[in-house]
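The file final.cif comes next; it holds mmCIF, C-alpha atoms and all ligand atoms.
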data_target
#
loop_
_atom_site.label_atom_id
_atom_site.label_comp_id
_atom_site.auth_asym_id
_atom_site.auth_seq_id
_atom_site.Cartn_x
_atom_site.Cartn_y
_atom_site.Cartn_z
CA MET W 1 24.08 26.42 26.66
CA PRO W 2 21.60 29.29 26.44
CA LEU W 3 18.02 28.59 25.39
CA GLN W 4 17.63 28.59 21.62
CA LYS W 5 16.22 31.93 20.50
CA ILE W 6 12.93 31.55 18.64
CA SER W 7 12.45 33.99 15.79
CA SER W 8 9.14 32.82 14.33
CA SER W 9 6.04 30.89 15.29
CA GLU W 10 6.79 28.45 12.52
CA GLU W 11 10.20 27.67 14.00
CA ALA W 12 8.76 27.06 17.48
CA ILE W 13 6.05 24.76 16.16
CA LYS W 14 8.60 22.80 14.16
CA LEU W 15 10.81 22.30 17.23
CA GLU W 16 7.89 20.97 19.26
CA ASP W 17 6.86 18.75 16.43
CA GLN W 18 10.32 17.25 16.07
CA HIS W 19 11.31 16.94 19.71
CA GLY W 20 8.12 16.80 21.73
CA ALA W 21 5.61 14.01 22.20
CA HIS W 22 2.52 14.58 20.10
CA ASN W 23 0.01 14.39 22.95
CA TYR W 24 -1.76 17.67 22.13
CA HIS W 25 -3.23 19.33 19.06
CA PRO W 26 -2.74 23.04 19.78
CA LEU W 27 -4.07 25.92 17.78
CA PRO W 28 -1.08 27.29 15.79
CA ALA W 29 -0.48 30.27 18.08
CA VAL W 30 2.97 30.54 19.67
CA LEU W 31 2.66 32.82 22.68
CA SER W 32 5.58 34.60 24.24
CA ARG W 33 4.01 37.10 26.62
CA GLY W 34 0.86 37.63 28.65
CA GLU W 35 -0.61 40.43 30.70
CA GLY W 36 -4.10 40.52 32.17
CA VAL W 37 -6.64 39.42 29.57
CA HIS W 38 -4.12 39.59 26.72
CA VAL W 39 -1.40 37.40 25.24
CA TRP W 40 1.08 38.15 22.46
CA ASP W 41 2.62 35.78 19.95
CA VAL W 42 6.20 35.61 18.74
CA GLU W 43 5.42 37.98 15.87
CA GLY W 44 3.97 40.52 18.32
CA ASN W 45 0.30 39.97 17.47
CA LYS W 46 -1.99 40.68 20.42
CA TYR W 47 -4.91 38.45 21.36
CA TYR W 48 -7.65 38.26 23.92
CA ASP W 49 -7.21 34.96 25.76
CA PHE W 50 -10.62 33.27 25.83
CA LEU W 51 -9.41 30.00 27.33
CA SER W 52 -7.34 31.19 30.33
CA ALA W 53 -5.40 27.92 30.34
CA TYR W 54 -8.61 25.99 30.99
CA SER W 55 -9.54 28.43 33.78
CA ALA W 56 -6.18 28.39 35.54
CA VAL W 57 -5.54 32.05 34.73
CA ASN W 58 -8.72 33.46 36.31
CA GLN W 59 -6.68 36.28 37.88
CA GLY W 60 -5.23 37.30 34.49
CA HIS W 61 -1.80 36.65 33.03
CA CYS W 62 1.21 37.56 35.14
CA HIS W 63 -0.79 39.28 37.84
CA PRO W 64 1.79 41.56 39.51
CA LYS W 65 0.81 40.59 43.08
CA ILE W 66 1.06 36.88 42.35
CA VAL W 67 4.30 37.28 40.39
CA GLU W 68 5.73 39.29 43.29
CA ALA W 69 4.83 36.53 45.77
CA LEU W 70 6.43 33.97 43.44
CA HIS W 71 9.64 36.00 43.04
CA GLN W 72 9.95 36.73 46.73
CA GLN W 73 9.45 33.17 47.85
CA ALA W 74 11.46 31.57 45.03
CA SER W 75 14.50 33.66 45.94
CA LYS W 76 14.16 32.84 49.65
CA LEU W 77 13.24 29.16 49.87
CA ALA W 78 11.74 27.06 47.09
CA LEU W 79 11.59 23.45 48.28
CA THR W 80 12.27 21.51 51.44
CA SER W 81 10.12 18.45 50.78
CA ARG W 82 7.81 17.46 53.61
CA ALA W 83 10.69 15.75 55.38
CA PHE W 84 11.04 19.11 57.13
CA HIS W 85 8.59 21.88 57.88
CA ASN W 86 8.65 25.18 56.04
CA ASP W 87 7.49 28.51 57.41
CA VAL W 88 4.83 29.18 54.73
CA LEU W 89 2.78 25.98 54.49
CA GLY W 90 0.96 26.27 57.81
CA ALA W 91 -0.01 29.90 57.20
CA TYR W 92 -1.31 28.96 53.75
CA GLU W 93 -3.30 26.04 55.17
CA LYS W 94 -4.85 28.30 57.82
CA TYR W 95 -5.69 30.94 55.21
CA ALA W 96 -7.17 28.52 52.67
CA THR W 97 -9.18 26.44 55.14
CA GLU W 98 -10.76 29.63 56.50
CA TYR W 99 -11.31 30.93 52.99
CA PHE W 100 -13.19 27.81 51.89
CA GLY W 101 -14.60 26.78 55.27
CA PHE W 102 -13.02 23.36 55.98
CA ASP W 103 -10.95 21.98 58.86
CA LYS W 104 -8.02 20.70 56.83
CA LEU W 105 -6.19 21.00 53.52
CA LEU W 106 -3.96 18.43 51.83
CA PRO W 107 -1.59 20.12 49.34
CA MET W 108 -0.74 18.60 45.96
CA ASN W 109 0.43 20.04 42.64
CA THR W 110 -1.74 19.10 39.69
CA GLY W 111 -5.46 18.64 39.39
CA ALA W 112 -5.22 14.94 38.58
CA GLU W 113 -3.12 14.39 41.71
CA ALA W 114 -5.73 16.13 43.82
CA VAL W 115 -8.48 13.92 42.33
CA GLU W 116 -6.34 10.84 43.03
CA THR W 117 -5.87 12.08 46.58
CA ALA W 118 -9.61 12.55 47.03
CA ILE W 119 -10.25 9.01 45.76
CA LYS W 120 -7.71 7.58 48.17
CA ILE W 121 -9.18 9.50 51.11
CA ALA W 122 -12.72 8.39 50.22
CA ARG W 123 -11.71 4.74 49.97
CA LYS W 124 -9.79 4.81 53.23
CA TRP W 125 -12.67 6.60 54.94
CA ALA W 126 -15.05 3.90 53.68
CA TYR W 127 -12.93 1.12 55.18
CA GLU W 128 -12.09 2.80 58.45
CA LYS W 129 -15.22 4.85 59.18
CA LYS W 130 -18.09 3.39 57.20
CA GLY W 131 -17.13 -0.25 57.70
CA VAL W 132 -16.87 -1.29 54.07
CA LYS W 133 -14.88 -4.49 53.61
CA GLU W 134 -11.37 -3.75 52.38
CA THR W 135 -10.96 -3.59 48.55
CA GLU W 136 -14.75 -3.49 48.06
CA ALA W 137 -15.36 0.27 48.00
CA ASP W 138 -17.13 1.85 45.04
CA ILE W 139 -17.03 5.44 43.91
CA ILE W 140 -19.83 6.75 41.73
CA VAL W 141 -18.89 9.03 38.83
CA CYS W 142 -20.79 10.62 35.94
CA GLU W 143 -20.80 9.89 32.25
CA ASN W 144 -18.74 12.34 30.20
CA ASN W 145 -16.72 13.29 33.25
CA PHE W 146 -13.29 14.83 33.04
CA HIS W 147 -11.11 14.49 36.13
CA GLY W 148 -7.61 14.25 34.67
CA ARG W 149 -5.25 11.86 32.95
CA THR W 150 -3.81 9.32 35.39
CA THR W 151 -4.37 5.61 34.91
CA THR W 152 -7.04 5.44 37.61
CA ILE W 153 -8.85 8.54 36.43
CA ILE W 154 -9.03 7.49 32.79
CA SER W 155 -10.29 4.12 34.02
CA PHE W 156 -13.64 5.78 34.75
CA SER W 157 -13.71 8.09 31.73
CA ASN W 158 -15.93 7.24 28.80
CA ASP W 159 -13.87 9.26 26.35
CA GLU W 160 -12.49 6.61 24.01
CA GLU W 161 -9.52 8.77 23.08
CA ALA W 162 -8.52 9.18 26.71
CA ARG W 163 -8.95 5.46 27.52
CA LYS W 164 -8.17 3.24 24.60
CA ASN W 165 -5.11 1.01 24.95
CA PHE W 166 -4.26 2.32 28.41
CA GLY W 167 -5.81 -0.63 30.26
CA PRO W 168 -6.00 -2.66 32.43
CA TYR W 169 -8.26 -0.22 34.22
CA THR W 170 -8.63 0.47 37.94
CA PRO W 171 -11.83 -1.15 39.24
CA GLY W 172 -14.21 0.30 41.83
CA PHE W 173 -16.07 2.95 39.84
CA ILE W 174 -19.73 3.05 38.87
CA LYS W 175 -20.86 5.39 36.12
CA ILE W 176 -24.26 7.09 36.10
CA PRO W 177 -25.73 9.74 33.79
CA TYR W 178 -24.94 13.36 34.73
CA ASP W 179 -27.70 15.50 36.21
CA ASP W 180 -29.75 12.45 37.17
CA PRO W 181 -30.50 12.25 40.93
CA GLU W 182 -32.72 9.17 40.45
CA ALA W 183 -29.82 7.29 38.89
CA LEU W 184 -27.63 8.33 41.82
CA GLU W 185 -30.23 7.19 44.32
CA ASN W 186 -30.56 3.83 42.57
CA ALA W 187 -26.81 3.33 42.41
CA ILE W 188 -26.41 4.09 46.12
CA LYS W 189 -29.59 2.60 47.58
CA ASN W 190 -28.79 -1.08 47.36
CA ASN W 191 -25.03 -0.80 47.55
CA PRO W 192 -23.58 -0.38 51.04
CA ASN W 193 -20.07 -0.25 49.55
CA VAL W 194 -20.37 3.21 48.04
CA ALA W 195 -17.68 5.47 49.50
CA GLY W 196 -18.29 8.63 47.52
CA PHE W 197 -19.90 10.42 44.62
CA LEU W 198 -17.31 12.32 42.54
CA VAL W 199 -18.82 15.06 40.39
CA GLU W 200 -18.08 18.27 38.49
CA PRO W 201 -20.75 20.85 39.48
CA ILE W 202 -20.65 21.95 35.82
CA GLN W 203 -19.05 19.62 33.27
CA GLY W 204 -16.41 21.85 31.67
CA GLU W 205 -14.46 19.59 29.33
CA ALA W 206 -17.59 17.79 28.18
CA GLY W 207 -18.80 21.12 26.77
CA VAL W 208 -19.87 23.28 29.71
CA TYR W 209 -22.95 21.28 30.67
CA VAL W 210 -24.78 23.12 33.42
CA PRO W 211 -27.00 20.70 35.38
CA SER W 212 -30.53 21.44 36.60
CA ASP W 213 -30.66 24.02 39.37
CA ASP W 214 -31.40 21.47 42.08
CA PHE W 215 -29.12 18.65 40.93
CA ILE W 216 -26.17 19.43 43.16
CA GLN W 217 -28.23 19.86 46.34
CA ARG W 218 -30.31 16.75 45.62
CA ALA W 219 -27.15 14.74 44.98
CA LYS W 220 -25.69 15.97 48.27
CA ASP W 221 -28.89 15.06 50.13
CA ILE W 222 -28.85 11.54 48.68
CA CYS W 223 -25.20 11.18 49.69
CA SER W 224 -25.82 12.46 53.24
CA LYS W 225 -28.80 10.18 53.74
CA ASN W 226 -26.73 7.16 52.72
CA ASN W 227 -23.45 8.03 54.46
CA VAL W 228 -21.68 8.60 51.14
CA LEU W 229 -19.09 11.35 50.64
CA PHE W 230 -20.09 14.12 48.26
CA MET W 231 -16.87 14.95 46.38
CA ALA W 232 -16.88 18.11 44.27
CA ASP W 233 -14.23 18.49 41.57
CA GLU W 234 -14.06 22.28 41.34
CA ILE W 235 -10.70 22.36 39.59
CA GLN W 236 -12.22 24.15 36.59
CA THR W 237 -15.44 25.60 38.02
CA GLY W 238 -14.09 26.89 41.33
CA ILE W 239 -12.37 30.09 42.45
CA ALA W 240 -14.78 32.66 40.97
CA ARG W 241 -14.98 31.21 37.45
CA THR W 242 -18.71 30.52 37.51
CA GLY W 243 -19.72 33.63 39.42
CA GLY W 244 -19.55 32.14 42.91
CA LEU W 245 -16.50 31.37 45.00
CA LEU W 246 -17.30 27.79 43.98
CA ALA W 247 -19.89 26.44 41.57
CA VAL W 248 -21.50 24.68 44.57
CA CYS W 249 -22.19 28.16 46.01
CA GLY W 250 -25.14 28.27 43.63
CA HIS W 251 -26.53 31.77 43.32
CA CYS W 252 -24.71 33.35 46.22
CA THR W 253 -22.52 36.34 45.34
CA CYS W 254 -20.58 36.60 48.56
CA GLU W 255 -16.84 36.18 48.59
CA GLY W 256 -16.80 32.97 50.54
CA HIS W 257 -16.81 34.49 53.99
CA CYS W 258 -20.51 34.56 54.66
CA GLU W 259 -22.42 32.27 56.97
CA ARG W 260 -22.99 29.78 54.19
CA GLN W 261 -26.12 31.04 52.51
CA GLU W 262 -29.05 28.81 51.63
CA THR W 263 -27.92 28.09 48.05
CA TYR W 264 -24.55 26.69 49.13
CA THR W 265 -24.13 22.92 48.89
CA ARG W 266 -21.20 21.98 51.07
CA PRO W 267 -19.06 19.18 49.68
CA ASP W 268 -17.59 16.61 52.07
CA ILE W 269 -14.45 16.67 49.93
CA LEU W 270 -13.55 19.74 47.86
CA ILE W 271 -10.97 19.40 45.06
CA LEU W 272 -9.19 22.52 43.78
CA GLY W 273 -6.42 23.21 41.27
CA LYS W 274 -5.90 25.46 38.26
CA ALA W 275 -6.78 29.01 39.47
CA LEU W 276 -5.59 28.20 42.98
CA SER W 277 -2.29 29.60 41.70
CA GLY W 278 -3.69 31.95 39.07
CA GLY W 279 -1.76 29.82 36.62
CA ASN W 280 1.63 30.83 37.95
CA TYR W 281 2.65 27.50 39.42
CA PRO W 282 1.12 24.03 39.72
CA VAL W 283 -0.90 24.11 42.94
CA SER W 284 -3.79 21.83 43.84
CA ALA W 285 -5.48 20.89 47.07
CA VAL W 286 -8.04 18.66 48.70
CA LEU W 287 -10.10 20.12 51.54
CA ALA W 288 -12.21 18.22 54.07
CA ASP W 289 -13.13 18.22 57.72
CA ASP W 290 -11.20 16.34 60.40
CA ASP W 291 -13.41 13.24 60.55
CA ILE W 292 -12.58 12.59 56.90
CA MET W 293 -9.07 14.02 56.48
CA ASN W 294 -7.73 12.38 59.62
CA VAL W 295 -7.92 8.91 58.04
CA ILE W 296 -4.65 9.89 56.34
CA LYS W 297 -1.67 9.37 58.63
CA PRO W 298 2.07 9.94 58.19
CA GLY W 299 3.56 7.86 55.42
CA GLN W 300 0.24 7.05 53.77
CA HIS W 301 0.16 9.78 51.12
CA GLY W 302 2.38 12.59 49.88
CA SER W 303 4.27 14.42 47.19
CA THR W 304 7.79 15.84 47.06
CA PHE W 305 6.57 19.18 45.74
CA GLY W 306 3.14 19.23 47.42
CA GLY W 307 2.95 22.04 49.96
CA ASN W 308 6.23 23.64 48.93
CA PRO W 309 6.77 27.23 50.06
CA VAL W 310 6.55 28.75 46.58
CA ALA W 311 3.21 27.03 45.95
CA ALA W 312 1.92 28.13 49.34
CA ALA W 313 2.94 31.78 48.87
CA VAL W 314 1.56 31.86 45.32
CA ALA W 315 -1.78 30.34 46.36
CA VAL W 316 -2.31 32.89 49.15
CA ALA W 317 -1.60 35.74 46.72
CA ALA W 318 -3.86 34.21 44.07
CA LEU W 319 -6.76 33.85 46.53
CA ASP W 320 -6.17 37.38 47.81
CA VAL W 321 -6.52 38.74 44.27
CA VAL W 322 -9.87 36.97 43.84
CA LYS W 323 -11.17 38.74 46.92
CA ASP W 324 -9.49 42.14 46.47
CA GLU W 325 -10.57 42.53 42.86
CA HIS W 326 -14.09 41.18 43.34
CA LEU W 327 -13.66 38.58 40.63
CA ILE W 328 -16.74 36.65 41.73
CA GLN W 329 -19.01 39.63 41.14
CA ASN W 330 -17.25 40.50 37.89
CA ALA W 331 -17.55 36.95 36.53
CA ARG W 332 -21.23 36.91 37.40
CA LYS W 333 -21.96 40.31 35.86
CA LEU W 334 -19.93 39.83 32.69
CA GLY W 335 -21.19 36.26 32.27
CA LYS W 336 -24.78 37.48 32.16
CA LEU W 337 -23.85 40.20 29.71
CA PHE W 338 -21.94 37.74 27.52
CA ARG W 339 -24.83 35.29 27.27
CA ARG W 340 -27.30 38.12 26.62
CA LEU W 341 -25.20 39.58 23.80
CA MET W 342 -24.57 36.14 22.33
CA ASP W 343 -28.27 35.30 22.52
CA ASP W 344 -29.02 38.50 20.60
CA TYR W 345 -26.71 37.27 17.87
CA ILE W 346 -27.91 33.65 17.96
CA ARG W 347 -31.52 34.68 17.34
CA GLU W 348 -30.45 35.91 13.91
CA SER W 349 -27.76 33.34 13.21
CA ASN W 350 -27.85 29.90 11.63
CA ILE W 351 -24.29 28.98 12.57
CA VAL W 352 -24.69 28.88 16.36
CA ASN W 353 -27.43 26.82 18.04
CA LEU W 354 -27.05 28.09 21.58
CA VAL W 355 -24.88 29.61 24.26
CA ARG W 356 -24.79 28.12 27.75
CA GLY W 357 -22.79 28.47 30.91
CA ARG W 358 -22.56 30.20 34.24
CA GLY W 359 -20.41 33.16 35.17
CA LEU W 360 -17.54 33.36 32.71
CA LEU W 361 -17.50 29.65 31.90
CA ASN W 362 -19.53 29.48 28.70
CA ALA W 363 -19.75 27.57 25.46
CA ILE W 364 -21.46 27.92 22.13
CA VAL W 365 -22.71 24.95 20.17
CA ILE W 366 -22.01 25.22 16.46
CA ASN W 367 -24.74 24.21 14.04
CA ASP W 368 -22.81 21.40 12.38
CA SER W 369 -22.02 17.74 13.02
CA ALA W 370 -19.66 16.84 15.89
CA GLU W 371 -17.30 15.33 13.29
CA SER W 372 -17.11 18.51 11.19
CA THR W 373 -14.10 20.82 11.42
CA THR W 374 -16.29 23.94 11.61
CA ALA W 375 -15.57 24.68 15.29
CA TRP W 376 -11.84 24.31 14.66
CA ASP W 377 -12.06 26.53 11.57
CA ILE W 378 -13.95 29.16 13.55
CA CYS W 379 -11.21 29.11 16.20
CA LEU W 380 -8.59 29.64 13.49
CA ALA W 381 -10.61 32.60 12.18
CA LEU W 382 -11.04 33.96 15.72
CA LYS W 383 -7.28 33.86 16.03
CA GLU W 384 -6.92 35.89 12.84
CA ASN W 385 -9.34 38.39 14.36
CA GLY W 386 -7.42 38.65 17.63
CA LEU W 387 -9.09 36.21 20.02
CA LEU W 388 -7.94 32.76 21.17
CA ALA W 389 -10.42 30.00 21.98
CA LYS W 390 -10.43 26.24 21.53
CA PRO W 391 -13.09 23.71 20.53
CA THR W 392 -14.01 21.09 23.10
CA HIS W 393 -15.65 17.88 21.96
CA GLY W 394 -16.38 18.43 18.30
CA ASN W 395 -18.70 21.29 17.56
CA ILE W 396 -18.55 23.10 20.91
CA ILE W 397 -16.36 26.16 21.57
CA ARG W 398 -15.60 27.06 25.18
CA PHE W 399 -15.29 30.74 26.11
CA ALA W 400 -13.52 31.38 29.41
CA PRO W 401 -11.60 34.67 29.54
CA PRO W 402 -9.64 35.82 32.58
CA LEU W 403 -11.99 37.22 35.20
CA VAL W 404 -10.14 40.56 35.38
CA MET W 405 -11.79 41.57 32.11
CA THR W 406 -13.63 44.91 31.96
CA GLU W 407 -17.10 45.35 30.50
CA GLU W 408 -15.67 47.38 27.63
CA GLN W 409 -13.21 44.61 26.80
CA LEU W 410 -15.97 42.00 26.94
CA ARG W 411 -18.12 44.00 24.52
CA ASP W 412 -15.11 44.30 22.23
CA CYS W 413 -14.63 40.51 22.40
CA VAL W 414 -18.28 39.81 21.60
CA LYS W 415 -17.85 42.02 18.52
CA ILE W 416 -14.86 39.95 17.43
CA ILE W 417 -16.73 36.70 18.05
CA THR W 418 -19.92 37.69 16.22
CA LYS W 419 -17.99 39.24 13.33
CA THR W 420 -16.07 35.97 12.98
CA LEU W 421 -19.14 33.78 13.26
CA LYS W 422 -20.81 35.83 10.51
CA GLN W 423 -18.05 34.69 8.15
CA PHE W 424 -19.35 31.15 8.64
CA GLU W 425 -23.05 31.74 8.20
CA LYS W 426 -24.60 29.54 5.58
C1 LIG E 501 -8.20 20.33 34.42
C2 LIG E 501 -9.06 19.46 35.24
C3 LIG E 501 -8.53 18.36 35.97
C4 LIG E 501 -7.10 17.94 35.85
O1 LIG E 501 -6.19 18.91 36.24
P1 LIG E 501 -4.66 18.79 35.76
O2 LIG E 501 -3.98 19.90 36.48
O3 LIG E 501 -4.66 18.97 34.27
O4 LIG E 501 -4.19 17.45 36.16
C5 LIG E 501 -9.39 17.64 36.76
N1 LIG E 501 -10.70 17.94 36.84
C6 LIG E 501 -11.24 18.98 36.17
C7 LIG E 501 -12.70 19.27 36.32
C8 LIG E 501 -10.45 19.75 35.33
O5 LIG E 501 -10.99 20.75 34.63
#
Re-express the file's structure as structure tokens.
Ligand SMILES: *Cc1c(COP(=O)(O)O)cnc(C)c1O
Amino acid sequence: MPLQKISSSEEAIKLEDQHGAHNYHPLPAVLSRGEGVHVWDVEGNKYYDFLSAYSAVNQGHCHPKIVEALHQQASKLALTSRAFHNDVLGAYEKYATEYFGFDKLLPMNTGAEAVETAIKIARKWAYEKKGVKETEADIIVCENNFHGRTTTIISFSNDEEARKNFGPYTPGFIKIPYDDPEALENAIKNNPNVAGFLVEPIQGEAGVYVPSDDFIQRAKDICSKNNVLFMADEIQTGIARTGGLLAVCGHCTCEGHCERQETYTRPDILILGKALSGGNYPVSAVLADDDIMNVIKPGQHGSTFGGNPVAAAVAVAALDVVKDEHLIQNARKLGKLFRRLMDDYIRESNIVNLVRGRGLLNAIVINDSAESTTAWDICLALKENGLLAKPTHGNIIRFAPPLVMTEEQLRDCVKIITKTLKQFEK
């Protein structure tokens, strides 16, 4: 039977409503095509995409080089499982480990799987290398974290919606406030069982909270001093989004091939997903050096699809695009311009309190209660004006366009955003 032809947005929404689980609350935009920074709905309306699938589409929609790699590999060999080797995985692992500067890569598919993988590696490392008594390992996490949706990951979330009625929860996690090195030090100091500190270098889902400039390096130093693994979840912040190859690159503008400049804080375990494929395929990965990664031996961890040849070919193309098109520099430049233009508006506005972010991962905080529907209503109005964005946590709107945007397009977008916000001024 051929796929049912959709003739209107209304029809598509109705089908999802009737036949799909209601685990999301999407904006009522039904998209049928994407190219670069734009997407089109079923009716043919064109929008700027200011979410980029939560920063998976950093390279822009349907990037021709990535699509070509996908086509080529999908028509040659798509899946072998890891029961056999394939002729793309090793080349991808060599490319990506050199790109990010680690000995080894463990391939998975989704972000949550990569986080789970990192947790398993850290625990095993604690038992086999640090000498923690089996089943006693702790991992420190931050309040308001977002690391995915599996049972273990939601066990250490403090988002009631994400947690409630999904227990019993996985033990072994200690929560501390974000951006608080003293709290980290106190949590580690008298606890020899700490295996790792799992942290987002900028908290994206929570509302794009950028920590103090020295937080990441201080956290790493505390971890190093206490033989605790510093685990960076860069699934949303990594791969050029925040104007560095990774958010832990700090203020360095290089493309990830330099001799690790002074602002770079090297994670012991690096977790990637989302833009690792440019949004064309689910590809995630955990990177670490041998002394950590080698605790995993055959049979101890895996995934049927993890490391498949399509994923490997797509990831190499996606990382190539980041380098070839200088997306790091562009994200940095346009991010500064975006915040400057928004600040100009905010000074004269009573509807937006502030703009914050780094690179092209930004958010505005709406001047209304977190329970109000104002942010949602603004996103509906933005849609009417040709730009798609989504509220995160109440009165915050995240702005994260594809990084292939031009300066002219960004200025056009700021015009749309400020024009829309003006409709809501009190
Ligand atoms: C999106 C995200 C995840 C989860 O990735 P999925 O692919 O949705 O499982 C984990 N951590 C962070 C920081 C994310 O932004």
Protein and nucleic residues near ligand LIG 501 (chain E), 8 Å, all atoms listed in the file, as a PyMOL selection string: chain W and resi 54-55+109-115+145-149+200+203-205+233-237+273-274+282+284
Output file for the selection above: C-alpha atoms, as a PDB file, keeping the file's coordinate frame:
ATOM      1  CA  TYR W  54      -8.610  25.990  30.990  1.00  0.00           C
ATOM      2  CA  SER W  55      -9.540  28.430  33.780  1.00  0.00           C
ATOM      3  CA  ASN W 109       0.430  20.040  42.640  1.00  0.00           C
ATOM      4  CA  THR W 110      -1.740  19.100  39.690  1.00  0.00           C
ATOM      5  CA  GLY W 111      -5.460  18.640  39.390  1.00  0.00           C
ATOM      6  CA  ALA W 112      -5.220  14.940  38.580  1.00  0.00           C
ATOM      7  CA  GLU W 113      -3.120  14.390  41.710  1.00  0.00           C
ATOM      8  CA  ALA W 114      -5.730  16.130  43.820  1.00  0.00           C
ATOM      9  CA  VAL W 115      -8.480  13.920  42.330  1.00  0.00           C
ATOM     10  CA  ASN W 145     -16.720  13.290  33.250  1.00  0.00           C
ATOM     11  CA  PHE W 146     -13.290  14.830  33.040  1.00  0.00           C
ATOM     12  CA  HIS W 147     -11.110  14.490  36.130  1.00  0.00           C
ATOM     13  CA  GLY W 148      -7.610  14.250  34.670  1.00  0.00           C
ATOM     14  CA  ARG W 149      -5.250  11.860  32.950  1.00  0.00           C
ATOM     15  CA  GLU W 200     -18.080  18.270  38.490  1.00  0.00           C
ATOM     16  CA  GLN W 203     -19.050  19.620  33.270  1.00  0.00           C
ATOM     17  CA  GLY W 204     -16.410  21.850  31.670  1.00  0.00           C
ATOM     18  CA  GLU W 205     -14.460  19.590  29.330  1.00  0.00           C
ATOM     19  CA  ASP W 233     -14.230  18.490  41.570  1.00  0.00           C
ATOM     20  CA  GLU W 234     -14.060  22.280  41.340  1.00  0.00           C
ATOM     21  CA  ILE W 235     -10.700  22.360  39.590  1.00  0.00           C
ATOM     22  CA  GLN W 236     -12.220  24.150  36.590  1.00  0.00           C
ATOM     23  CA  THR W 237     -15.440  25.600  38.020  1.00  0.00           C
ATOM     24  CA  GLY W 273      -6.420  23.210  41.270  1.00  0.00           C
ATOM     25  CA  LYS W 274      -5.900  25.460  38.260  1.00  0.00           C
ATOM     26  CA  PRO W 282       1.120  24.030  39.720  1.00  0.00           C
ATOM     27  CA  SER W 284      -3.790  21.830  43.840  1.00  0.00           C
TER      28      SER W 284
END
Give me, as a tab-separated table, the closest atom pair and its distance (Å, one decimal) for every residue of segment 214-315 of chain W within a cut-off of 10 Å of segment 128-141 of chain W, counting only C-alpha atoms, rows sorted by chain and rising number.
residue	atom	partner	partner_atom	distance
W:Asn227	CA	W:Lys130	CA	7.6
W:Val228	CA	W:Lys130	CA	8.8
W:Leu229	CA	W:Ile139	CA	9.2
W:Phe230	CA	W:Ile140	CA	9.9
W:Met231	CA	W:Val141	CA	9.8
W:Asp291	CA	W:Lys129	CA	8.7
W:Ile292	CA	W:Lys129	CA	8.5
W:Val295	CA	W:Glu128	CA	7.4
In Å and to one decimal, atom CA of Met293 of chain W is distant from atom CA of Ile121 of chain W by 7.0 Å
Here's a test: counting only C-alpha atoms, identify every protein, DNA and RNA residue with an atom at most 10 Å from (-17.1, 28.5, 6.2) in the file's coordinate frame, and state them as a VMD selection string. chain W and resid 351 373 to 375 377 to 378 381 421 to 426
In terms of all atoms listed in the file, the residue from W:Ser277, W:Lys120, W:Met108, W:Ser52 at minimal distance from Ser81 of chain W is W:Met108
Could you work out how far atom CA of Leu388 of chain W lies from atom CA of Gly279 of chain W, giving the answer in Å with one decimal?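 Separation of atom CA of Gly279 of chain W and atom CA of Leu388 of chain W: 16.9 Å.
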Close residues, Val88 of chain W itself excluded, 8 Å, only C-alpha atoms, min 2 positions apart in chain, as a list in words: Asn86, Gly90, Ala91, Tyr92, Pro309, Ala312 and Ala313 of chain W
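Distances to Phe399 of chain W were evaluated for W:Val314, W:Leu51, W:Glu161, W:Gly196 using all atoms listed in the file, and the minimum falls at W:Leu51.
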Using all atoms listed in the file, the shortest atom-to-atom distance to Val321 of chain W among W:Gly299, W:Gly278, W:Pro192, W:Pro171 belongs to W:Gly278
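When all atoms listed in the file are used to measure the gap to Gly335 of chain W, the shortest distance among W:Ala118, W:Tyr47, W:Val310, W:Ala240 belongs to W:Ala240.
Minimum atom-to-atom distance to Asn362 of chain W, evaluated using all atoms listed in the file, belongs to W:Thr392 out of W:Thr304, W:Asn45, W:Thr392, W:Ser75.
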Measure the distance from atom CA of Ala69 of chain W to atom CA of Thr242 of chain W in Å and round it to one decimal.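 Rounded to one decimal, the two atoms are 25.7 Å apart.
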Env of Cys249 of chain W: 8 Å cut, atoms = only C-alpha atoms, seq-sep filter 4 positions within chain, self excluded. Answer as JSON, numbers by chain. {"W": [244, 245, 263, 264, 265]}
Could you write out the selected residues, including C-alpha atoms, as a tab-separated table (two decimals), in the frame of the given file?
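The resulting part_28.tsv:
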chain	number	residue	atom	x	y	z
W	244	GLY	CA	-19.55	32.14	42.91
W	245	LEU	CA	-16.50	31.37	45.00
W	263	THR	CA	-27.92	28.09	48.05
W	264	TYR	CA	-24.55	26.69	49.13
W	265	THR	CA	-24.13	22.92	48.89
May I have the residues within 8 Å of Leu354 of chain W as a list in words, using all atoms listed in the file and disregarding those fewer than 6 positions away in the same chain?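 Here the qualifying residues turn out to be Asp343, Ile346, Ile364, Val365 and Ile366 of chain W.
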Could you tell me which of W:Pro64, W:Asn58, W:Val37, W:Asp290 comes closest to Trp125 of chain W if we count only C-alpha atoms?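 Of all the options, W:Asp290 lies closest to Trp125 of chain W.
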Considering all atoms listed in the file, return as a ChimeraX atom specification whatever protein or nucleic-acid residues lie within 9 Å of segment 151-160 of chain W, sequence-local ones (same chain, fewer than 6 positions apart) excluded. /W:112,115-116,141-145,166-175
Leaving out Ile222 of chain W and any residue of its chain fewer than 4 positions from it, which residues lie within 7 Å of it when counting all atoms listed in the file, given as a list in words?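 So, after excluding close chain neighbours, the residues are Glu185, Arg218 and Asn226 of chain W.
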Keeping only C-alpha atoms, write the selected residues to a file as a short mmCIF file (atom, residue, chain, number, x, y, z; two decimals), in the coordinates of the input.
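That gives us out.cif:
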data_model
loop_
_atom_site.label_atom_id
_atom_site.label_comp_id
_atom_site.auth_asym_id
_atom_site.auth_seq_id
_atom_site.Cartn_x
_atom_site.Cartn_y
_atom_site.Cartn_z
CA GLU W 185 -30.23 7.19 44.32
CA ARG W 218 -30.31 16.75 45.62
CA ASN W 226 -26.73 7.16 52.72
#
